[in-house]
file structure-v5.cif (mmCIF, C-alpha atoms)
data_data
loop_
_atom_site.group_PDB
_atom_site.id
_atom_site.type_symbol
_atom_site.label_atom_id
_atom_site.label_comp_id
_atom_site.auth_asym_id
_atom_site.auth_seq_id
_atom_site.Cartn_x
_atom_site.Cartn_y
_atom_site.Cartn_z
ATOM 1 C CA MET A 15 -6.818 84.392 -78.811
ATOM 2 C CA LYS A 16 -6.941 86.226 -75.488
ATOM 3 C CA ASN A 17 -10.063 87.716 -73.967
ATOM 4 C CA ARG A 18 -11.225 89.993 -71.160
ATOM 5 C CA LEU A 19 -14.210 87.887 -70.217
ATOM 6 C CA GLU A 20 -13.149 87.102 -66.657
ATOM 7 C CA ALA A 21 -12.242 90.726 -65.929
ATOM 8 C CA LEU A 22 -15.535 91.996 -67.361
ATOM 9 C CA ARG A 23 -17.534 89.405 -65.462
ATOM 10 C CA LYS A 24 -15.851 90.181 -62.139
ATOM 11 C CA GLN A 25 -16.173 93.906 -62.776
ATOM 12 C CA ARG A 26 -19.942 93.458 -62.952
ATOM 13 C CA ASN A 27 -20.148 90.968 -60.065
ATOM 14 C CA ILE A 28 -21.607 88.216 -62.188
ATOM 15 C CA LYS A 29 -21.112 84.562 -61.323
ATOM 16 C CA GLN A 30 -20.017 82.080 -63.991
ATOM 17 C CA GLU A 31 -23.333 80.263 -63.542
ATOM 18 C CA GLU A 32 -25.323 83.432 -64.135
ATOM 19 C CA LEU A 33 -23.372 84.312 -67.266
ATOM 20 C CA ALA A 34 -23.736 80.753 -68.536
ATOM 21 C CA ALA A 35 -27.495 80.847 -67.972
ATOM 22 C CA ALA A 36 -27.828 84.202 -69.739
ATOM 23 C CA LEU A 37 -25.831 82.989 -72.738
ATOM 24 C CA GLU A 38 -27.485 79.528 -72.700
ATOM 25 C CA VAL A 39 -24.194 77.666 -72.510
ATOM 26 C CA SER A 40 -22.718 75.398 -69.846
ATOM 27 C CA ARG A 41 -20.700 76.780 -66.936
ATOM 28 C CA GLN A 42 -17.732 74.734 -68.157
ATOM 29 C CA THR A 43 -17.803 76.657 -71.437
ATOM 30 C CA ILE A 44 -17.521 79.954 -69.573
ATOM 31 C CA GLY A 45 -14.612 78.541 -67.552
ATOM 32 C CA SER A 46 -12.840 77.340 -70.691
ATOM 33 C CA LEU A 47 -13.405 80.680 -72.423
ATOM 34 C CA GLU A 48 -11.966 82.570 -69.470
ATOM 35 C CA ASN A 49 -8.929 80.293 -69.314
ATOM 36 C CA GLY A 50 -8.359 80.750 -73.038
ATOM 37 C CA ARG A 51 -8.611 77.009 -73.622
ATOM 38 C CA TYR A 52 -11.583 77.407 -75.956
ATOM 39 C CA ASN A 53 -12.324 79.992 -78.640
ATOM 40 C CA PRO A 54 -16.027 80.702 -79.140
ATOM 41 C CA SER A 55 -17.926 80.542 -82.399
ATOM 42 C CA ILE A 56 -18.769 83.861 -84.014
ATOM 43 C CA LEU A 57 -22.370 83.482 -82.823
ATOM 44 C CA LEU A 58 -21.355 83.006 -79.195
ATOM 45 C CA ALA A 59 -18.847 85.864 -79.497
ATOM 46 C CA PHE A 60 -21.686 88.140 -80.682
ATOM 47 C CA LYS A 61 -23.906 86.938 -77.835
ATOM 48 C CA ILE A 62 -21.194 87.699 -75.284
ATOM 49 C CA ALA A 63 -20.497 91.105 -76.810
ATOM 50 C CA ARG A 64 -24.191 91.957 -76.828
ATOM 51 C CA TYR A 65 -24.556 90.808 -73.218
ATOM 52 C CA PHE A 66 -21.815 93.157 -72.040
ATOM 53 C CA GLY A 67 -22.869 95.939 -74.421
ATOM 54 C CA LEU A 68 -19.442 96.014 -76.053
ATOM 55 C CA SER A 69 -18.004 95.114 -79.428
ATOM 56 C CA ILE A 70 -16.321 91.758 -80.069
ATOM 57 C CA GLU A 71 -12.937 93.497 -80.418
ATOM 58 C CA ASP A 72 -13.375 94.999 -76.954
ATOM 59 C CA ILE A 73 -13.625 91.525 -75.429
ATOM 60 C CA PHE A 74 -11.574 89.254 -77.657
ATOM 61 C CA ILE A 75 -8.008 90.107 -78.600
ATOM 62 C CA TYR A 76 -6.799 88.505 -81.793
ATOM 63 C CA GLU A 77 -3.157 87.501 -81.846
ATOM 64 C CA GLU A 78 -1.500 86.289 -85.021
ATOM 65 C CA GLU A 79 0.227 82.978 -84.582
ATOM 66 C CA GLU A 80 3.971 83.033 -85.117
ATOM 67 C CA LEU A 81 5.152 80.735 -87.928
ATOM 68 C CA MET B 5 -44.325 64.889 -88.656
ATOM 69 C CA LYS B 6 -43.836 65.665 -84.980
ATOM 70 C CA SER B 7 -41.168 63.903 -82.980
ATOM 71 C CA LYS B 8 -43.830 62.145 -80.876
ATOM 72 C CA GLU B 9 -45.423 60.691 -84.011
ATOM 73 C CA ILE B 10 -42.031 59.692 -85.409
ATOM 74 C CA ARG B 11 -41.273 57.873 -82.143
ATOM 75 C CA LEU B 12 -44.594 56.060 -82.162
ATOM 76 C CA CYS B 13 -44.027 55.078 -85.799
ATOM 77 C CA SER B 14 -40.515 53.831 -84.971
ATOM 78 C CA ILE B 15 -41.788 51.754 -82.057
ATOM 79 C CA GLY B 16 -44.617 50.338 -84.209
ATOM 80 C CA ILE B 17 -42.419 49.546 -87.213
ATOM 81 C CA GLY B 18 -39.699 48.112 -84.975
ATOM 82 C CA LEU B 19 -42.086 45.828 -83.086
ATOM 83 C CA ALA B 20 -43.769 44.765 -86.351
ATOM 84 C CA MET B 21 -40.359 43.861 -87.812
ATOM 85 C CA ILE B 22 -39.416 41.846 -84.712
ATOM 86 C CA ILE B 23 -42.741 39.998 -84.392
ATOM 87 C CA GLY B 24 -43.092 39.404 -88.144
ATOM 88 C CA SER B 25 -39.544 38.103 -88.523
ATOM 89 C CA ILE B 26 -39.755 35.842 -85.468
ATOM 90 C CA TYR B 27 -43.099 34.483 -86.707
ATOM 91 C CA LEU B 28 -41.638 33.688 -90.127
ATOM 92 C CA LEU B 29 -38.531 32.119 -88.596
ATOM 93 C CA GLN B 30 -40.663 29.923 -86.320
ATOM 94 C CA ALA B 31 -43.009 28.860 -89.115
ATOM 95 C CA GLU B 32 -43.266 25.219 -90.110
ATOM 96 C CA LYS B 33 -41.446 25.836 -93.375
ATOM 97 C CA ALA B 34 -38.715 27.958 -91.851
ATOM 98 C CA PRO B 35 -36.858 29.955 -94.501
ATOM 99 C CA GLU B 36 -33.269 29.065 -95.253
ATOM 100 C CA GLY B 37 -30.264 30.836 -96.710
ATOM 101 C CA ALA B 38 -30.531 34.475 -97.757
ATOM 102 C CA VAL B 39 -34.165 34.896 -96.619
ATOM 103 C CA ARG B 40 -33.242 33.688 -93.126
ATOM 104 C CA THR B 41 -30.361 36.163 -93.039
ATOM 105 C CA VAL B 42 -32.654 39.014 -94.115
ATOM 106 C CA LEU B 43 -35.147 38.082 -91.376
ATOM 107 C CA CYS B 44 -32.401 38.051 -88.732
ATOM 108 C CA VAL B 45 -31.237 41.473 -89.938
ATOM 109 C CA CYS B 46 -34.875 42.661 -89.723
ATOM 110 C CA ILE B 47 -35.050 41.548 -86.072
ATOM 111 C CA ALA B 48 -31.849 43.448 -85.292
ATOM 112 C CA ILE B 49 -33.070 46.598 -87.087
ATOM 113 C CA GLY B 50 -36.438 46.286 -85.337
ATOM 114 C CA CYS B 51 -34.739 46.036 -81.929
ATOM 115 C CA PHE B 52 -32.679 49.128 -82.701
ATOM 116 C CA LEU B 53 -35.661 51.153 -83.995
ATOM 117 C CA SER B 54 -38.018 50.358 -81.143
ATOM 118 C CA GLY B 55 -35.261 50.446 -78.509
ATOM 119 C CA SER B 56 -33.965 53.898 -79.431
ATOM 120 C CA ALA B 57 -37.500 55.314 -79.739
ATOM 121 C CA LEU B 58 -38.470 53.799 -76.362
ATOM 122 C CA ARG B 59 -35.344 55.235 -74.745
ATOM 123 C CA ALA B 60 -36.181 58.728 -76.053
ATOM 124 C CA TRP B 61 -39.811 58.360 -74.946
ATOM 125 C CA LEU B 62 -38.773 57.197 -71.449
ATOM 126 C CA GLN B 63 -36.348 60.116 -71.150
ATOM 127 C CA ASP B 64 -39.103 62.566 -72.116
ATOM 128 C CA TRP B 65 -41.560 60.924 -69.730
ATOM 129 C CA SER B 66 -39.137 60.964 -66.791
ATOM 130 C CA LEU B 67 -38.422 64.676 -67.341
ATOM 131 C CA GLN B 68 -42.087 65.612 -67.745
ATOM 132 C CA ASN B 69 -42.367 67.067 -64.236
ATOM 133 C CA ALA B 70 -38.864 68.509 -64.068
ATOM 134 C CA PRO B 71 -38.674 71.478 -66.449
ATOM 135 C CA ASP B 72 -35.526 72.806 -64.733
ATOM 136 C CA VAL B 73 -33.630 69.565 -65.281
ATOM 137 C CA ARG B 74 -34.936 69.393 -68.855
ATOM 138 C CA LYS B 75 -33.684 72.924 -69.558
ATOM 139 C CA GLU B 76 -30.305 72.080 -68.046
ATOM 140 C CA ILE B 77 -30.010 68.943 -70.175
ATOM 141 C CA ASP B 78 -31.072 70.931 -73.233
ATOM 142 C CA ILE B 79 -28.411 73.586 -72.589
ATOM 143 C CA GLU B 80 -25.758 70.892 -72.057
ATOM 144 C CA ARG B 81 -26.827 69.211 -75.309
ATOM 145 C CA ARG B 82 -26.818 72.409 -77.371
ATOM 146 C CA ASP B 83 -23.691 73.861 -75.788
ATOM 147 C CA GLU B 84 -21.227 74.497 -78.621
ATOM 148 C CA ARG B 85 -18.175 73.379 -76.632
ATOM 149 C CA ASN B 86 -19.874 70.123 -75.686
ATOM 150 C CA GLN B 87 -20.866 69.601 -79.321
ATOM 151 C CA MET B 88 -17.305 70.249 -80.475
ATOM 152 C CA ILE B 89 -15.930 67.782 -77.922
ATOM 153 C CA THR B 90 -18.495 65.146 -78.918
ATOM 154 C CA ASN B 91 -17.826 65.629 -82.640
ATOM 155 C CA ARG B 92 -14.054 65.429 -82.208
ATOM 156 C CA ALA B 93 -14.356 62.274 -80.131
ATOM 157 C CA LYS B 94 -16.727 60.791 -82.714
ATOM 158 C CA ALA B 95 -14.353 61.674 -85.573
ATOM 159 C CA LYS B 96 -11.456 59.972 -83.806
ATOM 160 C CA ALA B 97 -13.579 56.935 -83.035
ATOM 161 C CA PHE B 98 -14.693 56.754 -86.692
ATOM 162 C CA ASP B 99 -11.078 56.798 -87.938
ATOM 163 C CA LEU B 100 -10.273 54.022 -85.486
ATOM 164 C CA TYR B 101 -13.390 52.103 -86.486
ATOM 165 C CA VAL B 102 -12.355 52.117 -90.168
ATOM 166 C CA CYS B 103 -8.935 50.637 -89.287
ATOM 167 C CA VAL B 104 -10.249 48.087 -86.790
ATOM 168 C CA PHE B 105 -13.113 46.942 -88.991
ATOM 169 C CA SER B 106 -10.902 46.581 -92.070
ATOM 170 C CA VAL B 107 -8.402 44.462 -90.134
ATOM 171 C CA LEU B 108 -11.241 42.431 -88.594
ATOM 172 C CA LEU B 109 -12.788 41.754 -92.021
ATOM 173 C CA TRP B 110 -9.478 40.506 -93.389
ATOM 174 C CA ALA B 111 -8.929 38.331 -90.332
ATOM 175 C CA LEU B 112 -12.425 36.829 -90.568
ATOM 176 C CA ALA B 113 -11.986 36.197 -94.312
ATOM 177 C CA LEU B 114 -8.668 34.417 -93.704
ATOM 178 C CA MET B 115 -10.285 32.372 -90.912
ATOM 179 C CA LYS B 116 -12.778 31.154 -93.526
ATOM 180 C CA THR B 117 -15.769 32.452 -91.561
ATOM 181 C CA GLU B 118 -19.218 31.735 -92.998
ATOM 182 C CA ARG B 119 -19.714 33.704 -96.199
ATOM 183 C CA THR B 120 -23.125 35.171 -95.258
ATOM 184 C CA ALA B 121 -21.826 36.653 -92.007
ATOM 185 C CA LEU B 122 -18.765 38.007 -93.779
ATOM 186 C CA LEU B 123 -20.838 39.587 -96.559
ATOM 187 C CA LEU B 124 -23.160 41.153 -93.985
ATOM 188 C CA LEU B 125 -20.224 42.706 -92.152
ATOM 189 C CA PHE B 126 -18.733 43.889 -95.434
ATOM 190 C CA ALA B 127 -22.055 45.424 -96.516
ATOM 191 C CA ALA B 128 -22.386 47.183 -93.149
ATOM 192 C CA HIS B 129 -18.829 48.503 -93.445
ATOM 193 C CA CYS B 130 -19.484 49.772 -96.995
ATOM 194 C CA PHE B 131 -22.775 51.335 -95.882
ATOM 195 C CA VAL B 132 -21.084 53.299 -93.090
ATOM 196 C CA LEU B 133 -18.225 54.433 -95.354
ATOM 197 C CA GLY B 134 -20.705 55.318 -98.119
ATOM 198 C CA THR B 135 -22.797 57.387 -95.704
ATOM 199 C CA GLY B 136 -19.653 59.237 -94.646
ATOM 200 C CA LEU B 137 -18.758 60.010 -98.274
ATOM 201 C CA TYR B 138 -22.316 61.057 -99.113
ATOM 202 C CA ASP B 139 -22.513 63.408 -96.117
ATOM 203 C CA ARG B 140 -19.148 64.879 -96.974
ATOM 204 C CA SER B 141 -20.150 65.654 -100.568
ATOM 205 C CA LYS B 142 -23.495 67.044 -99.366
ATOM 206 C CA LEU B 143 -21.773 69.336 -96.879
ATOM 207 C CA GLU B 144 -19.222 70.409 -99.531
ATOM 208 C CA LYS B 145 -22.121 71.617 -101.690
ATOM 209 C CA GLU B 146 -24.061 73.229 -98.850
ATOM 210 C CA LEU B 147 -21.254 75.096 -97.084
#
call {"tool": "encode", "arguments": {"input": "structure-v5.cif", "output": "structure tokens"}}
result
Amino acid sequence: MKNRLEALRKQRNIKQEELAAALEVSRQTIGSLENGRYNPSILLAFKIARYFGLSIEDIFIYEEEEL
Amino acid sequence: MKSKEIRLCSIGIGLAMIIGSIYLLQAEKAPEGAVRTVLCVCIAIGCFLSGSALRAWLQDWSLQNAPDVRKEIDIERRDERNQMITNRAKAKAFDLYVCVFSVLLWALALMKTERTALLLLFAAHCFVLGTGLYDRSKLEKEL
């Protein structure tokens, strides 16, 4: 699953640490999310979407895995 | 019951188990056989109970005047990625434990190790596996 987290964060001049503090997660989690190494739980996805004032689909792009 | 009270209870029960068991083991008519084994197990359980409660209490005490550090530790502990990593590592370690312990039990049995020690290890192994099965069935019903 891809996401626009890094782009959105940079667009709003927010540091990873600040975003992590606002979402009550570790900075490493934000880094992993931005790199696409980690997919968030639905709760964290909602938190992120609410933080940016967008919908989940605006931030996270679902891609079907090829069989 | 609050966590502070639970900790105090754990420390109290743990110390009582240690002191009581040592007293009985040191008595003039020292118990033999199964009773002695039970008392030794009680000492070990007591050490674990009081030790883990003391560790938690010391951690709380040391962070009393550092709310920032406490919050940071709390966030790190509750962080879902950290929890996932911990759980995956634990799951892998558990799978490995089952293999290693089974092999070890067979090896000890073939080495004709003392029966009491062997039975204790076997009971502990069964207890851990049983807890795993119980939790699994509980989660199957809940989720």
call {"tool": "interface_residues", "arguments": {"input": "structure-v5.cif", "of": "chain B", "to": "chain A", "cutoff": "7 Å", "atoms": "all atoms listed in the file", "output": "PyMOL selection string"}}
result
chain B and resi 79-80+83+85
call {"tool": "write_last_selection", "arguments": {"input": "structure-v5.cif", "atoms": "C-alpha atoms", "output": "tab-separated table (two decimals), in the coordinates of the input"}}
result
chain	number	residue	atom	x	y	z
B	79	ILE	CA	-28.41	73.59	-72.59
B	80	GLU	CA	-25.76	70.89	-72.06
B	83	ASP	CA	-23.69	73.86	-75.79
B	85	ARG	CA	-18.18	73.38	-76.63
call {"tool": "residues_around", "arguments": {"input": "structure-v5.cif", "residues": "Leu122 (chain B)", "least_positions_apart": "3", "cutoff": "10 Å", "atoms": "all atoms listed in the file", "output": "PDB file with C-alpha atoms, in the frame of the given file"}}
result
ATOM      1  CA  LEU B 109     -12.788  41.754 -92.021  1.00  0.00           C
ATOM      2  CA  TRP B 110      -9.478  40.506 -93.389  1.00  0.00           C
ATOM      3  CA  LEU B 112     -12.425  36.829 -90.568  1.00  0.00           C
ATOM      4  CA  ALA B 113     -11.986  36.197 -94.312  1.00  0.00           C
ATOM      5  CA  LYS B 116     -12.778  31.154 -93.526  1.00  0.00           C
ATOM      6  CA  THR B 117     -15.769  32.452 -91.561  1.00  0.00           C
ATOM      7  CA  GLU B 118     -19.218  31.735 -92.998  1.00  0.00           C
ATOM      8  CA  ARG B 119     -19.714  33.704 -96.199  1.00  0.00           C
ATOM      9  CA  LEU B 125     -20.224  42.706 -92.152  1.00  0.00           C
ATOM     10  CA  PHE B 126     -18.733  43.889 -95.434  1.00  0.00           C
ATOM     11  CA  ALA B 127     -22.055  45.424 -96.516  1.00  0.00           C
ATOM     12  CA  ALA B 128     -22.386  47.183 -93.149  1.00  0.00           C
TER      13      ALA B 128
END
call {"tool": "axis_aligned_box", "arguments": {"input": "structure-v5.cif", "around": "region 46-53 of chain A", "padding_each_side": "4 Å", "output": "AutoDock Vina command-line options"}}
result
--center_x -10.9 --center_y 79.8 --center_z -74.0 --size_x 13.0 --size_y 13.6 --size_z 17.3
call {"tool": "atom_distance", "arguments": {"input": "structure-v5.cif", "atom1": "CA of Glu84 (chain B)", "atom2": "CA of Gln68 (chain B)"}}
result
25.1 Å
call {"tool": "resolve_selection", "arguments": {"input": "structure-v5.cif", "expression": "the PyMOL selection byres ((chain A and resi 72) around 12)", "output": "list in words"}}
result
Lys16, Asn17, Arg18, Leu19, Ala21, Leu22, Ala59, Phe60, Ile62, Ala63, Arg64, Phe66, Gly67, Leu68, Ser69, Ile70, Glu71, Ile73, Phe74, Ile75 and Tyr76 of chain A
call {"tool": "resolve_selection", "arguments": {"input": "structure-v5.cif", "expression": "the PyMOL selection byres ((chain B and resi 15) around 12)", "output": "list of chain:residue names"}}
result
B:Lys8, B:Glu9, B:Ile10, B:Arg11, B:Leu12, B:Cys13, B:Ser14, B:Gly16, B:Ile17, B:Gly18, B:Leu19, B:Ala20, B:Met21, B:Ile22, B:Ile49, B:Gly50, B:Cys51, B:Phe52, B:Leu53, B:Ser54, B:Gly55, B:Ser56, B:Ala57, B:Leu58, B:Arg59, B:Ala60, B:Trp61
call {"tool": "atom_distance", "arguments": {"input": "structure-v5.cif", "atom1": "CA of Met88 (chain B)", "atom2": "CA of Lys61 (chain A)"}}
result
18.1 Å
call {"tool": "atom_distance", "arguments": {"input": "structure-v5.cif", "atom1": "CA of Leu124 (chain B)", "atom2": "CA of Lys142 (chain B)"}}
result
26.4 Å
call {"tool": "residues_around", "arguments": {"input": "structure-v5.cif", "residues": "Ala38 (chain B)", "least_positions_apart": "5", "cutoff": "12 Å", "atoms": "all atoms listed in the file", "output": "PDB file with C-alpha atoms, in the frame of the given file"}}
result
ATOM      1  CA  LEU B  43     -35.147  38.082 -91.376  1.00  0.00           C
ATOM      2  CA  CYS B  44     -32.401  38.051 -88.732  1.00  0.00           C
ATOM      3  CA  VAL B  45     -31.237  41.473 -89.938  1.00  0.00           C
ATOM      4  CA  ARG B 119     -19.714  33.704 -96.199  1.00  0.00           C
ATOM      5  CA  THR B 120     -23.125  35.171 -95.258  1.00  0.00           C
ATOM      6  CA  ALA B 121     -21.826  36.653 -92.007  1.00  0.00           C
ATOM      7  CA  LEU B 123     -20.838  39.587 -96.559  1.00  0.00           C
ATOM      8  CA  LEU B 124     -23.160  41.153 -93.985  1.00  0.00           C
TER       9      LEU B 124
END
call {"tool": "resolve_selection", "arguments": {"input": "structure-v5.cif", "expression": "the PyMOL selection byres ((chain B and resi 29) around 12)", "output": "list in words"}}
result
Met21, Ile22, Ile23, Gly24, Ser25, Ile26, Tyr27, Leu28, Gln30, Ala31, Glu32, Lys33, Ala34, Pro35, Glu36, Gly37, Val39, Arg40, Thr41, Val42, Leu43, Cys44, Val45, Cys46 and Ile47 of chain B
